[in-house]
>>> print(open('structure_12.tsv').read())   # TSV, C-alpha atoms
chain	number	residue	atom	x	y	z
A	1	MET	CA	70.04	-104.44	70.78
A	2	LEU	CA	68.41	-106.19	67.84
A	3	PRO	CA	70.21	-107.07	64.58
A	4	LEU	CA	68.20	-104.67	62.40
A	5	ASP	CA	68.07	-101.72	64.81
A	6	GLY	CA	68.12	-98.51	62.76
A	7	LEU	CA	66.72	-100.07	59.56
A	8	LYS	CA	63.75	-97.97	58.44
A	9	ILE	CA	61.03	-99.60	56.35
A	10	LEU	CA	57.93	-98.22	54.64
A	11	ASP	CA	55.40	-100.99	54.15
A	12	ILE	CA	52.75	-100.21	51.52
A	13	SER	CA	51.78	-103.86	51.08
A	14	GLN	CA	48.71	-105.67	52.36
A	15	ILE	CA	47.12	-109.08	53.01
A	16	MET	CA	49.97	-111.61	53.48
A	17	ALA	CA	53.18	-111.78	51.40
A	18	GLY	CA	54.43	-108.22	52.00
A	19	PRO	CA	53.13	-107.94	55.57
A	20	TYR	CA	54.77	-111.25	56.50
A	21	CYS	CA	58.08	-109.96	55.12
A	22	THR	CA	57.93	-106.70	57.06
A	23	MET	CA	56.77	-108.44	60.24
A	24	VAL	CA	59.84	-110.69	60.17
A	25	LEU	CA	62.09	-107.67	59.61
A	26	GLY	CA	60.28	-105.87	62.43
A	27	ASP	CA	60.76	-108.86	64.73
A	28	MET	CA	64.50	-108.48	64.12
A	29	GLY	CA	64.46	-104.81	65.09
A	30	ALA	CA	63.57	-102.84	61.96
A	31	GLU	CA	61.37	-99.77	62.35
A	32	VAL	CA	58.32	-100.48	60.18
A	33	ILE	CA	55.80	-97.80	59.21
A	34	LYS	CA	52.77	-99.40	57.60
A	35	ILE	CA	51.08	-97.02	55.16
A	36	GLU	CA	47.43	-98.02	54.76
A	37	LYS	CA	44.85	-96.81	52.28
A	38	ALA	CA	42.36	-94.30	53.63
A	39	ASN	CA	39.31	-96.43	52.85
A	40	GLY	CA	39.52	-99.19	55.47
A	41	GLY	CA	43.25	-99.83	55.48
A	42	ASP	CA	44.83	-103.20	54.79
A	43	ASP	CA	42.18	-105.52	53.34
A	44	SER	CA	43.02	-108.16	55.95
A	45	ARG	CA	41.41	-105.85	58.54
A	46	GLN	CA	38.12	-106.98	57.00
A	47	MET	CA	38.92	-110.66	57.50
A	48	GLY	CA	37.65	-112.52	60.57
A	49	PRO	CA	37.61	-113.90	63.10
A	50	TYR	CA	37.19	-110.75	65.18
A	51	VAL	CA	37.69	-110.05	68.86
A	52	ASN	CA	36.07	-106.82	70.04
A	53	ASP	CA	35.56	-105.94	66.36
A	54	GLU	CA	39.31	-106.12	65.66
A	55	SER	CA	40.59	-108.56	63.03
A	56	THR	CA	42.75	-111.30	64.50
A	57	CYS	CA	43.97	-112.15	60.97
A	58	PHE	CA	45.48	-108.68	60.64
A	59	SER	CA	46.81	-108.78	64.19
A	60	GLN	CA	48.69	-112.06	63.65
A	61	ILE	CA	50.83	-110.73	60.80
A	62	ASN	CA	51.38	-107.05	61.59
A	63	ARG	CA	53.07	-106.90	64.98
A	64	ASN	CA	56.07	-104.60	65.48
A	65	LYS	CA	54.67	-101.97	63.11
A	66	GLN	CA	53.21	-98.48	63.26
A	67	SER	CA	50.20	-97.50	61.13
A	68	ILE	CA	49.58	-94.31	59.18
A	69	SER	CA	46.78	-93.87	56.66
A	70	LEU	CA	47.40	-91.83	53.50
A	71	ASN	CA	45.15	-91.24	50.50
A	72	LEU	CA	47.94	-91.61	47.96
A	73	LYS	CA	45.74	-90.28	45.16
A	74	ASP	CA	46.01	-86.89	46.88
A	75	ASP	CA	49.06	-84.77	46.02
A	76	ARG	CA	49.57	-83.72	49.64
A	77	ALA	CA	49.49	-87.31	50.89
A	78	ARG	CA	51.95	-88.27	48.15
A	79	GLU	CA	54.26	-85.50	49.35
A	80	ILE	CA	54.09	-86.97	52.86
A	81	PHE	CA	54.99	-90.36	51.42
A	82	HIS	CA	57.97	-88.84	49.58
A	83	ARG	CA	59.18	-87.17	52.77
A	84	LEU	CA	59.01	-90.50	54.59
A	85	ALA	CA	60.71	-92.25	51.65
A	86	ARG	CA	63.57	-89.77	51.76
A	87	GLU	CA	64.55	-91.11	55.20
A	88	ALA	CA	63.74	-94.79	54.59
A	89	ASP	CA	66.10	-97.65	53.83
A	90	VAL	CA	63.50	-100.04	52.39
A	91	ILE	CA	60.08	-99.85	50.75
A	92	VAL	CA	57.93	-102.97	50.33
A	93	GLU	CA	54.88	-102.89	48.04
A	94	ASN	CA	52.58	-105.44	46.44
A	95	TYR	CA	50.46	-103.44	44.02
A	96	ARG	CA	49.76	-104.82	40.56
A	97	PRO	CA	52.58	-103.66	38.20
A	98	GLY	CA	51.96	-100.14	36.94
A	99	VAL	CA	49.90	-98.93	39.89
A	100	THR	CA	52.81	-97.42	41.84
A	101	LYS	CA	53.88	-95.51	38.72
A	102	SER	CA	50.38	-94.09	38.28
A	103	LEU	CA	50.46	-92.98	41.93
A	104	GLY	CA	53.94	-91.48	41.65
A	105	ILE	CA	55.44	-93.74	44.32
A	106	ASP	CA	57.33	-96.19	42.04
A	107	TYR	CA	61.02	-97.07	42.25
A	108	ASP	CA	62.09	-94.66	39.49
A	109	THR	CA	60.38	-91.76	41.27
A	110	VAL	CA	61.56	-92.66	44.77
A	111	SER	CA	65.16	-93.40	43.72
A	112	VAL	CA	65.51	-89.78	42.55
A	113	ILE	CA	64.50	-88.65	46.04
A	114	ASN	CA	66.57	-91.35	47.77
A	115	PRO	CA	69.20	-93.04	45.55
A	116	GLY	CA	70.04	-95.54	48.28
A	117	ILE	CA	66.50	-96.90	48.60
A	118	ILE	CA	65.93	-100.65	48.49
A	119	TYR	CA	62.54	-100.98	46.82
A	120	CYS	CA	60.96	-104.43	46.93
A	121	SER	CA	57.97	-105.14	44.66
A	122	ILE	CA	55.98	-108.32	45.25
A	123	SER	CA	53.40	-109.23	42.60
A	124	GLY	CA	51.72	-112.25	41.11
A	125	TYR	CA	53.92	-112.63	38.02
A	126	GLY	CA	56.65	-110.03	38.44
A	127	GLN	CA	57.30	-106.66	36.80
A	128	SER	CA	58.18	-108.11	33.38
A	129	GLY	CA	57.13	-110.96	31.12
A	130	PRO	CA	53.93	-111.70	29.19
A	131	TYR	CA	51.84	-112.30	32.33
A	132	SER	CA	53.03	-109.31	34.35
A	133	HIS	CA	49.73	-107.48	33.88
A	134	ARG	CA	47.76	-110.31	35.50
A	135	GLY	CA	46.75	-110.46	39.12
A	136	GLY	CA	48.21	-113.46	40.88
A	137	PHE	CA	47.33	-115.11	44.17
A	138	ASP	CA	48.65	-118.01	46.19
A	139	LEU	CA	46.21	-120.59	44.84
A	140	VAL	CA	46.86	-119.50	41.26
A	141	ALA	CA	50.58	-119.98	41.89
A	142	GLN	CA	50.01	-123.44	43.36
A	143	GLY	CA	48.25	-124.45	40.18
A	144	MET	CA	50.55	-122.75	37.68
A	145	THR	CA	53.85	-124.04	39.07
A	146	GLY	CA	52.78	-127.67	39.10
A	147	LEU	CA	52.51	-127.95	42.87
A	148	MET	CA	48.87	-129.00	42.82
A	149	SER	CA	49.62	-131.68	40.22
A	150	MET	CA	51.92	-133.31	42.79
A	151	THR	CA	49.68	-132.90	45.83
A	152	GLY	CA	47.02	-135.42	46.77
A	153	GLU	CA	46.38	-138.91	45.41
A	154	LYS	CA	46.88	-140.10	41.84
A	155	GLY	CA	43.77	-140.00	39.70
A	156	ARG	CA	41.84	-137.81	42.09
A	157	ARG	CA	41.06	-134.08	42.27
A	158	PRO	CA	44.15	-131.82	42.58
A	159	LEU	CA	44.67	-130.57	46.12
A	160	LYS	CA	46.07	-127.31	47.42
A	161	THR	CA	48.40	-127.19	50.38
A	162	GLY	CA	46.91	-126.58	53.81
A	163	ILE	CA	48.40	-123.08	54.11
A	164	ALA	CA	49.16	-120.21	51.73
A	165	VAL	CA	52.62	-121.57	51.03
A	166	TYR	CA	53.41	-119.25	48.11
A	167	ASP	CA	52.31	-116.07	49.86
A	168	ILE	CA	54.50	-116.91	52.84
A	169	GLY	CA	57.23	-118.14	50.48
A	170	ALA	CA	57.19	-114.81	48.66
A	171	GLY	CA	57.47	-113.03	52.01
A	172	ILE	CA	60.46	-115.17	53.00
A	173	THR	CA	62.07	-114.61	49.58
A	174	ALA	CA	61.58	-110.87	50.06
A	175	VAL	CA	63.22	-111.00	53.51
A	176	TYR	CA	66.46	-112.58	52.36
A	177	SER	CA	66.54	-110.50	49.17
A	178	ILE	CA	66.14	-107.26	51.11
A	179	LEU	CA	68.86	-108.26	53.55
A	180	ALA	CA	71.23	-109.12	50.69
A	181	ALA	CA	70.49	-105.77	49.04
A	182	TYR	CA	71.07	-104.03	52.37
A	183	VAL	CA	74.50	-105.67	52.70
A	184	HIS	CA	75.29	-104.44	49.19
A	185	LYS	CA	74.14	-100.96	50.13
A	186	MET	CA	76.36	-100.99	53.22
A	187	LYS	CA	79.35	-101.79	50.98
A	188	SER	CA	78.56	-99.55	48.02
A	189	GLY	CA	75.90	-97.05	49.04
A	190	GLU	CA	73.77	-98.23	46.13
A	191	GLY	CA	70.09	-98.97	46.40
A	192	GLN	CA	68.20	-101.16	43.96
A	193	HIS	CA	64.84	-102.52	42.85
A	194	ILE	CA	63.91	-106.09	43.88
A	195	ASP	CA	61.28	-107.79	41.73
A	196	ILE	CA	59.60	-110.84	43.34
A	197	ALA	CA	56.87	-112.91	41.69
A	198	ILE	CA	54.64	-115.07	43.88
A	199	THR	CA	54.36	-117.57	41.01
A	200	GLU	CA	58.17	-117.99	40.88
A	201	CYS	CA	59.30	-118.03	44.49
A	202	GLY	CA	58.45	-121.70	45.07
A	203	LEU	CA	59.96	-123.15	41.89
A	204	PRO	CA	63.50	-123.42	43.35
A	205	TRP	CA	62.07	-125.64	46.11
A	206	PHE	CA	61.30	-128.41	43.59
A	207	THR	CA	64.79	-129.89	43.82
A	208	TRP	CA	64.08	-133.64	43.54
A	209	GLU	CA	61.38	-132.99	40.98
A	210	ALA	CA	63.75	-130.88	38.87
A	211	ALA	CA	66.38	-133.62	39.10
A	212	ALA	CA	63.98	-136.21	37.68
A	213	TYR	CA	62.54	-133.93	35.00
A	214	PHE	CA	65.75	-132.37	33.68
A	215	ALA	CA	67.66	-135.67	33.75
A	216	GLU	CA	65.02	-138.08	32.43
A	217	GLY	CA	62.02	-136.01	31.38
A	218	ARG	CA	60.03	-137.64	34.21
A	219	VAL	CA	57.05	-135.53	35.30
A	220	PRO	CA	56.25	-135.87	39.02
A	221	GLU	CA	52.85	-137.24	39.94
A	222	PRO	CA	50.90	-137.16	43.21
A	223	THR	CA	52.20	-139.59	45.80
A	224	GLY	CA	49.63	-138.94	48.52
A	225	TRP	CA	51.02	-139.86	51.92
A	226	ARG	CA	54.29	-141.24	50.51
A	227	HIS	CA	57.56	-139.66	49.44
A	228	ARG	CA	58.46	-139.91	45.78
A	229	VAL	CA	62.11	-140.90	46.34
A	230	SER	CA	62.55	-142.54	49.77
A	231	ALA	CA	60.69	-145.47	51.39
A	232	PRO	CA	59.36	-145.99	53.95
A	233	TYR	CA	59.18	-142.23	54.30
A	234	GLN	CA	55.46	-141.68	54.73
A	235	ALA	CA	52.38	-141.97	56.89
A	236	VAL	CA	51.81	-145.48	58.23
A	237	LYS	CA	48.85	-146.81	60.15
A	238	THR	CA	49.13	-148.19	63.68
A	239	ARG	CA	46.42	-149.70	65.86
A	240	ASP	CA	44.90	-146.33	66.85
A	241	GLY	CA	45.95	-143.95	64.08
A	242	TYR	CA	48.67	-142.77	61.72
A	243	ILE	CA	52.24	-141.72	62.40
A	244	MET	CA	54.88	-140.26	60.10
A	245	LEU	CA	57.85	-142.58	59.60
A	246	GLY	CA	61.11	-141.23	58.21
A	247	CYS	CA	63.45	-143.98	57.02
A	248	ALA	CA	65.16	-141.70	54.55
A	249	ASN	CA	68.42	-143.66	54.32
A	250	GLN	CA	69.69	-147.23	54.55
A	251	ARG	CA	71.02	-147.09	58.10
A	252	THR	CA	67.72	-145.72	59.43
A	253	TRP	CA	65.82	-148.49	57.62
A	254	GLU	CA	68.08	-151.09	59.19
A	255	ARG	CA	67.63	-149.63	62.69
A	256	PHE	CA	63.88	-149.64	62.14
A	257	CYS	CA	63.90	-153.31	61.16
A	258	GLU	CA	66.25	-154.42	63.94
A	259	ASN	CA	65.27	-152.26	66.89
A	260	VAL	CA	61.73	-150.99	66.29
A	261	ILE	CA	59.72	-153.78	64.66
A	262	GLU	CA	62.30	-156.51	65.39
A	263	ARG	CA	62.19	-157.98	61.89
A	264	PRO	CA	65.88	-158.06	60.85
A	265	ALA	CA	65.09	-160.51	58.04
A	266	LEU	CA	63.49	-157.64	56.11
A	267	ILE	CA	66.94	-156.09	55.63
A	268	ASP	CA	67.95	-158.98	53.37
A	269	ASP	CA	64.59	-159.30	51.63
A	270	THR	CA	65.34	-158.81	47.93
A	271	ARG	CA	62.27	-156.63	47.52
A	272	PHE	CA	63.62	-154.12	50.06
A	273	LEU	CA	67.42	-154.29	49.75
A	274	THR	CA	67.94	-150.69	48.66
A	275	ASN	CA	65.97	-147.48	48.80
A	276	SER	CA	65.19	-147.90	45.10
A	277	ASP	CA	63.95	-151.44	45.71
A	278	ARG	CA	61.75	-150.27	48.56
A	279	GLY	CA	60.36	-147.46	46.42
A	280	ALA	CA	59.58	-149.84	43.57
A	281	ASN	CA	57.79	-152.20	45.96
A	282	VAL	CA	56.26	-149.59	48.27
A	283	GLU	CA	52.75	-151.08	48.06
A	284	GLU	CA	53.96	-154.45	49.39
A	285	LEU	CA	56.21	-152.75	51.92
A	286	GLU	CA	53.41	-150.59	53.27
A	287	THR	CA	51.02	-153.53	53.62
A	288	LEU	CA	53.64	-155.59	55.41
A	289	LEU	CA	54.60	-152.80	57.82
A	290	GLU	CA	51.03	-151.85	58.66
A	291	ASP	CA	50.24	-155.49	59.47
A	292	ILE	CA	53.06	-155.33	62.03
A	293	LEU	CA	52.25	-151.85	63.34
A	294	ALA	CA	48.60	-152.80	63.88
A	295	GLY	CA	49.75	-154.75	66.93
A	296	HIS	CA	50.32	-151.64	69.07
A	297	ASP	CA	49.21	-148.03	69.53
A	298	MET	CA	50.92	-144.93	68.14
A	299	ALA	CA	52.55	-144.10	71.47
A	300	HIS	CA	54.25	-147.51	71.61
A	301	TRP	CA	55.79	-147.19	68.15
A	302	LEU	CA	56.81	-143.55	68.59
A	303	GLU	CA	58.63	-144.44	71.81
A	304	ARG	CA	60.45	-147.34	70.13
A	305	CYS	CA	61.40	-145.16	67.14
A	306	ASP	CA	62.74	-142.50	69.48
A	307	SER	CA	64.80	-145.02	71.41
A	308	ALA	CA	66.20	-146.47	68.18
A	309	GLY	CA	67.03	-143.09	66.63
A	310	VAL	CA	64.48	-143.52	63.85
A	311	PRO	CA	62.77	-140.22	62.92
A	312	ALA	CA	59.03	-140.49	63.50
A	313	GLY	CA	56.26	-138.29	64.81
A	314	PRO	CA	52.54	-137.87	65.29
A	315	ILE	CA	50.21	-136.32	62.74
A	316	ASN	CA	48.93	-133.48	64.90
A	317	ASP	CA	46.07	-131.15	64.24
A	318	PHE	CA	46.91	-127.46	64.75
A	319	ALA	CA	45.63	-127.40	68.33
A	320	GLN	CA	47.83	-130.36	69.25
A	321	ALA	CA	50.82	-128.69	67.59
A	322	MET	CA	50.28	-125.47	69.54
A	323	GLN	CA	50.12	-127.45	72.80
A	324	ASP	CA	53.16	-129.62	72.10
A	325	GLU	CA	55.65	-129.40	74.94
A	326	HIS	CA	58.59	-129.05	72.57
A	327	TYR	CA	57.17	-126.04	70.72
A	328	LEU	CA	56.17	-124.44	74.03
A	329	ALA	CA	59.65	-124.97	75.47
A	330	ARG	CA	61.16	-123.41	72.33
A	331	GLY	CA	59.00	-120.29	72.57
A	332	MET	CA	57.00	-120.95	69.42
A	333	VAL	CA	53.85	-119.68	71.12
A	334	GLN	CA	54.15	-116.09	72.33
A	335	GLU	CA	51.66	-113.82	74.05
A	336	MET	CA	51.20	-110.09	73.57
A	337	GLU	CA	48.81	-107.46	74.90
A	338	HIS	CA	46.69	-105.81	72.20
A	339	PRO	CA	44.94	-102.53	73.07
A	340	VAL	CA	41.55	-103.78	71.81
A	341	ILE	CA	41.79	-107.56	71.62
A	342	GLY	CA	43.53	-107.83	74.97
A	343	PRO	CA	45.91	-110.72	75.73
A	344	MET	CA	46.42	-112.70	72.53
A	345	LYS	CA	48.66	-115.57	71.54
A	346	THR	CA	50.73	-115.59	68.37
A	347	ILE	CA	53.36	-117.71	66.64
A	348	GLY	CA	56.90	-117.21	67.91
A	349	PHE	CA	60.26	-116.88	66.15
A	350	PRO	CA	61.82	-119.83	64.27
A	351	SER	CA	65.32	-118.30	64.34
A	352	LYS	CA	67.00	-118.43	67.74
A	353	PHE	CA	69.71	-115.77	67.94
A	354	SER	CA	72.22	-116.27	70.75
A	355	ARG	CA	72.98	-112.55	71.14
A	356	THR	CA	70.13	-110.66	69.46
A	357	PRO	CA	66.91	-112.66	69.91
A	358	SER	CA	63.80	-111.41	68.11
A	359	GLN	CA	61.21	-109.59	70.19
A	360	ILE	CA	57.58	-108.56	70.08
A	361	ARG	CA	58.04	-104.89	70.89
A	362	ARG	CA	54.52	-103.77	70.03
A	363	PRO	CA	51.26	-105.46	68.98
A	364	ALA	CA	49.70	-104.94	65.56
A	365	PRO	CA	48.58	-101.32	65.26
A	366	LEU	CA	45.03	-100.06	65.18
A	367	PHE	CA	44.05	-98.52	61.86
A	368	ALA	CA	45.95	-95.20	61.41
A	369	GLN	CA	46.95	-95.35	65.09
A	370	HIS	CA	50.28	-93.56	64.66
A	371	THR	CA	49.34	-91.01	61.99
A	372	ASP	CA	49.66	-87.97	64.25
A	373	GLU	CA	52.86	-89.24	65.84
A	374	ILE	CA	54.54	-89.92	62.50
A	375	LEU	CA	53.48	-86.61	60.98
A	376	ALA	CA	54.69	-84.76	64.07
A	377	GLY	CA	58.05	-86.44	63.44
A	378	LEU	CA	58.06	-84.75	60.03
A	379	GLY	CA	57.60	-81.39	61.74
A	380	MET	CA	53.91	-80.98	60.94
A	381	GLY	CA	51.84	-79.06	63.49
A	382	ARG	CA	48.49	-80.10	64.96
A	383	ASP	CA	46.48	-77.56	62.95
A	384	GLU	CA	48.04	-78.70	59.67
A	385	VAL	CA	47.39	-82.36	60.49
A	386	GLU	CA	43.76	-81.66	61.41
A	387	ALA	CA	43.23	-79.74	58.18
A	388	LEU	CA	44.59	-82.66	56.14
A	389	ARG	CA	42.30	-85.01	58.05
A	390	ARG	CA	39.20	-82.87	57.44
A	391	GLU	CA	39.97	-82.82	53.71
A	392	GLY	CA	40.36	-86.62	53.47
A	393	CYS	CA	44.08	-86.58	52.78
A	394	ILE	CA	44.83	-88.65	55.89
A	395	ARG	CA	42.86	-90.64	58.43
>>> encode(input="structure_12.tsv", output="structure tokens")
Amino acid sequence: MLPLDGLKILDISQIMAGPYCTMVLGDMGAEVIKIEKANGGDDSRQMGPYVNDESTCFSQINRNKQSISLNLKDDRAREIFHRLAREADVIVENYRPGVTKSLGIDYDTVSVINPGIIYCSISGYGQSGPYSHRGGFDLVAQGMTGLMSMTGEKGRRPLKTGIAVYDIGAGITAVYSILAAYVHKMKSGEGQHIDIAITECGLPWFTWEAAAYFAEGRVPEPTGWRHRVSAPYQAVKTRDGYIMLGCANQRTWERFCENVIERPALIDDTRFLTNSDRGANVEELETLLEDILAGHDMAHWLERCDSAGVPAGPINDFAQAMQDEHYLARGMVQEMEHPVIGPMKTIGFPSKFSRTPSQIRRPAPLFAQHTDEILAGLGMGRDEVEALRREGCIR
């Protein structure tokens, strides 16, 4: 038994934000039918690397789904979509605003067929507003929201984050919004339209930055390897490399001075008395600490921090992270059997449910793999399905 057993989702999204959302819901037990365009399917199928000519990009973000291909410009394919929508609880789409209406698969159309439908639209700028007609992507969002102005080092070229943080953020926002709407539907029977903009989903994360701007008009600047509020809360250099040091409060700073570097006098140093003092004098603080830390290797200081209860950790590359004993013990690397790729590893589940743990029930589907099966479930016979295939209505 999984928490979302019985929840039926039609996924007409592609690339990352929508597919990430529906994968997470599928991991928790939802039945996800991925409806792919007839000409090649989800665009991420054309993104490498490939194993046995199958995209590993697509396969990483589309597990626990079935695939059907419909040419939604064809009236007969649209009728199939409407029949599927009649029985669905949720639809997730990420077309540019206006496209679903032109295809006749928009919320207004579907809600007549199924008044209880939860219809989630993910787009660059949302369904309303002066920019709604624009296409929007993760990197555009990183620039527009101010994130890139805060990332990197002052005076140097703006830097993006290492991952598509806004695409994934939009997917996460869609997950909790859909679940909230589903709770409302369970209470009232009412469906609704959810409008999510990739360029908005990350703004609520700027909590400290909003505090400084709305209170004092202070615009955040890049701080590189340091935190803009706490110190020392940053990367620091040891004899053989960098570690992350997290003295985010006074007691942790004092433990670090007393038990890690054994310099208790620093606690009473007027330059470093409070977090604000340490932030104002972070250049001097960093130089002083790195002179001390240069005496030993990373492993030495990480062990001392651990013993003293001071948060600290290595700066891993991705391979090191995926081989870390803690992540392995927590099931954050899973393995599944793909019908073409074969055995493949994938990222595990960050939520650990005590009674209903998430599961990989099926690998990512091959293109249009379940078309016949799904259409048979609608009562369509083999001859009818083959005729639709010959005429380009389905794949």
>>> atom_distance(input="structure_12.tsv", atom1="atom CA of A:Met244", atom2="atom CA of A:Thr173")
28.6 Å
>>> atom_distance(input="structure_12.tsv", atom1="atom CA of A:Ile243", atom2="atom CA of A:Leu328")
21.2 Å
>>> closest_residue(input="structure_12.tsv", among="A:Ser358, A:Gln14, A:Thr207, A:Ser230", to="A:Asp277", atoms="all atoms listed in the file")
A:Ser230
>>> residues_around(input="structure_12.tsv", residues="A:Lys160", least_positions_apart="5", cutoff="12 Å", atoms="only C-alpha atoms", output="MDAnalysis selection string")
chainID A and resid 138:153 165:166 222
>>> atom_distance(input="structure_12.tsv", atom1="atom CA of A:Ala329", atom2="atom CA of A:Phe353")
15.6 Å
>>> closest_residue(input="structure_12.tsv", among="A:Ser111, A:Ser44, A:Thr22, A:Asn52", to="A:Ala170", atoms="all atoms listed in the file")
A:Thr22
>>> residues_around(input="structure_12.tsv", residues="stretch 71-88 of chain A", least_positions_apart="6", cutoff="7 Å", atoms="only C-alpha atoms", output="list in words")
Lys8, Ile9, Leu10, Lys37, Ala38, Leu103, Val110, Ile113, Asn114, Ile117, Cys393 and Ile394 of chain A
>>> residues_near_point(input="structure_12.tsv", point="(66.2, -116.6, 52.3)", cutoff="12 Å", atoms="only C-alpha atoms", output="list in words")
Cys21, Val24, Ile168, Gly169, Ala170, Gly171, Ile172, Thr173, Ala174, Val175, Tyr176, Ser177, Ile178, Leu179, Ala180, Cys201, Gly202, Pro204 and Trp205 of chain A
>>> closest_residue(input="structure_12.tsv", among="A:Leu285, A:Val92, A:Ala368, A:Leu159", to="A:Ile196", atoms="only C-alpha atoms")
A:Val92
>>> closest_residue(input="structure_12.tsv", among="A:Ala280, A:Lys185, A:Trp253, A:Thr199", to="A:Ile267", atoms="all atoms listed in the file")
A:Trp253
>>> closest_residue(input="structure_12.tsv", among="A:Cys257, A:Arg239, A:Ile292, A:Arg96", to="A:Asp195", atoms="all atoms listed in the file")
A:Arg96
>>> residues_around(input="structure_12.tsv", residues="A:Gly135", least_positions_apart="2", cutoff="12 Å", atoms="only C-alpha atoms", output="list in words")
Asn94, Tyr95, Arg96, Pro97, Gly98, Val99, Ile122, Ser123, Gly124, Tyr125, Gly126, Gln127, Tyr131, Ser132, His133, Phe137, Asp138, Leu139, Val140, Ala141, Ala197, Ile198 and Thr199 of chain A
>>> closest_residue(input="structure_12.tsv", among="A:Val282, A:Ile360, A:Leu388, A:Ala210", to="A:Gly29", atoms="all atoms listed in the file")
A:Ile360
>>> decode(input="structure_12.tsv", residues="stretch 350-366 of chain A", atoms="N, CA and C atoms", output="PDB file, in the first residue's frame")
ATOM      1  N   PRO A 350      13.989  11.023  -1.021  1.00  0.00           N
ATOM      2  CA  PRO A 350      14.405  11.802   0.149  1.00  0.00           C
ATOM      3  C   PRO A 350      13.439  11.725   1.317  1.00  0.00           C
ATOM      4  N   SER A 351      12.185  11.362   1.072  1.00  0.00           N
ATOM      5  CA  SER A 351      11.214  11.210   2.158  1.00  0.00           C
ATOM      6  C   SER A 351      11.174   9.754   2.589  1.00  0.00           C
ATOM      7  N   LYS A 352      11.358   9.521   3.879  1.00  0.00           N
ATOM      8  CA  LYS A 352      11.338   8.153   4.403  1.00  0.00           C
ATOM      9  C   LYS A 352      10.027   7.942   5.177  1.00  0.00           C
ATOM     10  N   PHE A 353       9.086   7.262   4.556  1.00  0.00           N
ATOM     11  CA  PHE A 353       7.801   6.987   5.187  1.00  0.00           C
ATOM     12  C   PHE A 353       7.912   5.723   6.044  1.00  0.00           C
ATOM     13  N   SER A 354       7.419   5.793   7.279  1.00  0.00           N
ATOM     14  CA  SER A 354       7.538   4.629   8.153  1.00  0.00           C
ATOM     15  C   SER A 354       6.569   3.515   7.764  1.00  0.00           C
ATOM     16  N   ARG A 355       5.425   3.860   7.195  1.00  0.00           N
ATOM     17  CA  ARG A 355       4.424   2.843   6.846  1.00  0.00           C
ATOM     18  C   ARG A 355       4.247   2.661   5.337  1.00  0.00           C
ATOM     19  N   THR A 356       4.476   3.705   4.562  1.00  0.00           N
ATOM     20  CA  THR A 356       4.203   3.624   3.123  1.00  0.00           C
ATOM     21  C   THR A 356       5.410   4.120   2.330  1.00  0.00           C
ATOM     22  N   PRO A 357       6.543   3.439   2.423  1.00  0.00           N
ATOM     23  CA  PRO A 357       7.741   3.920   1.722  1.00  0.00           C
ATOM     24  C   PRO A 357       7.569   3.928   0.203  1.00  0.00           C
ATOM     25  N   SER A 358       8.149   4.950  -0.433  1.00  0.00           N
ATOM     26  CA  SER A 358       8.097   5.051  -1.893  1.00  0.00           C
ATOM     27  C   SER A 358       8.782   3.848  -2.535  1.00  0.00           C
ATOM     28  N   GLN A 359       8.370   3.553  -3.758  1.00  0.00           N
ATOM     29  CA  GLN A 359       8.903   2.381  -4.460  1.00  0.00           C
ATOM     30  C   GLN A 359       9.126   2.701  -5.934  1.00  0.00           C
ATOM     31  N   ILE A 360      10.133   2.055  -6.515  1.00  0.00           N
ATOM     32  CA  ILE A 360      10.254   2.029  -7.975  1.00  0.00           C
ATOM     33  C   ILE A 360       9.510   0.788  -8.433  1.00  0.00           C
ATOM     34  N   ARG A 361       8.328   0.999  -8.974  1.00  0.00           N
ATOM     35  CA  ARG A 361       7.488  -0.123  -9.394  1.00  0.00           C
ATOM     36  C   ARG A 361       7.699  -0.494 -10.853  1.00  0.00           C
ATOM     37  N   ARG A 362       8.194   0.450 -11.638  1.00  0.00           N
ATOM     38  CA  ARG A 362       8.477   0.181 -13.041  1.00  0.00           C
ATOM     39  C   ARG A 362       9.522   1.189 -13.512  1.00  0.00           C
ATOM     40  N   PRO A 363      10.390   0.800 -14.454  1.00  0.00           N
ATOM     41  CA  PRO A 363      11.358   1.749 -15.007  1.00  0.00           C
ATOM     42  C   PRO A 363      10.663   2.736 -15.933  1.00  0.00           C
ATOM     43  N   ALA A 364      11.407   3.744 -16.384  1.00  0.00           N
ATOM     44  CA  ALA A 364      10.858   4.673 -17.366  1.00  0.00           C
ATOM     45  C   ALA A 364      10.396   3.900 -18.599  1.00  0.00           C
ATOM     46  N   PRO A 365       9.272   4.298 -19.176  1.00  0.00           N
ATOM     47  CA  PRO A 365       8.727   3.535 -20.306  1.00  0.00           C
ATOM     48  C   PRO A 365       9.478   3.797 -21.603  1.00  0.00           C
ATOM     49  N   LEU A 366       9.462   2.835 -22.493  1.00  0.00           N
ATOM     50  CA  LEU A 366       9.869   3.071 -23.862  1.00  0.00           C
ATOM     51  C   LEU A 366       8.825   3.958 -24.529  1.00  0.00           C
TER      52      LEU A 366
END
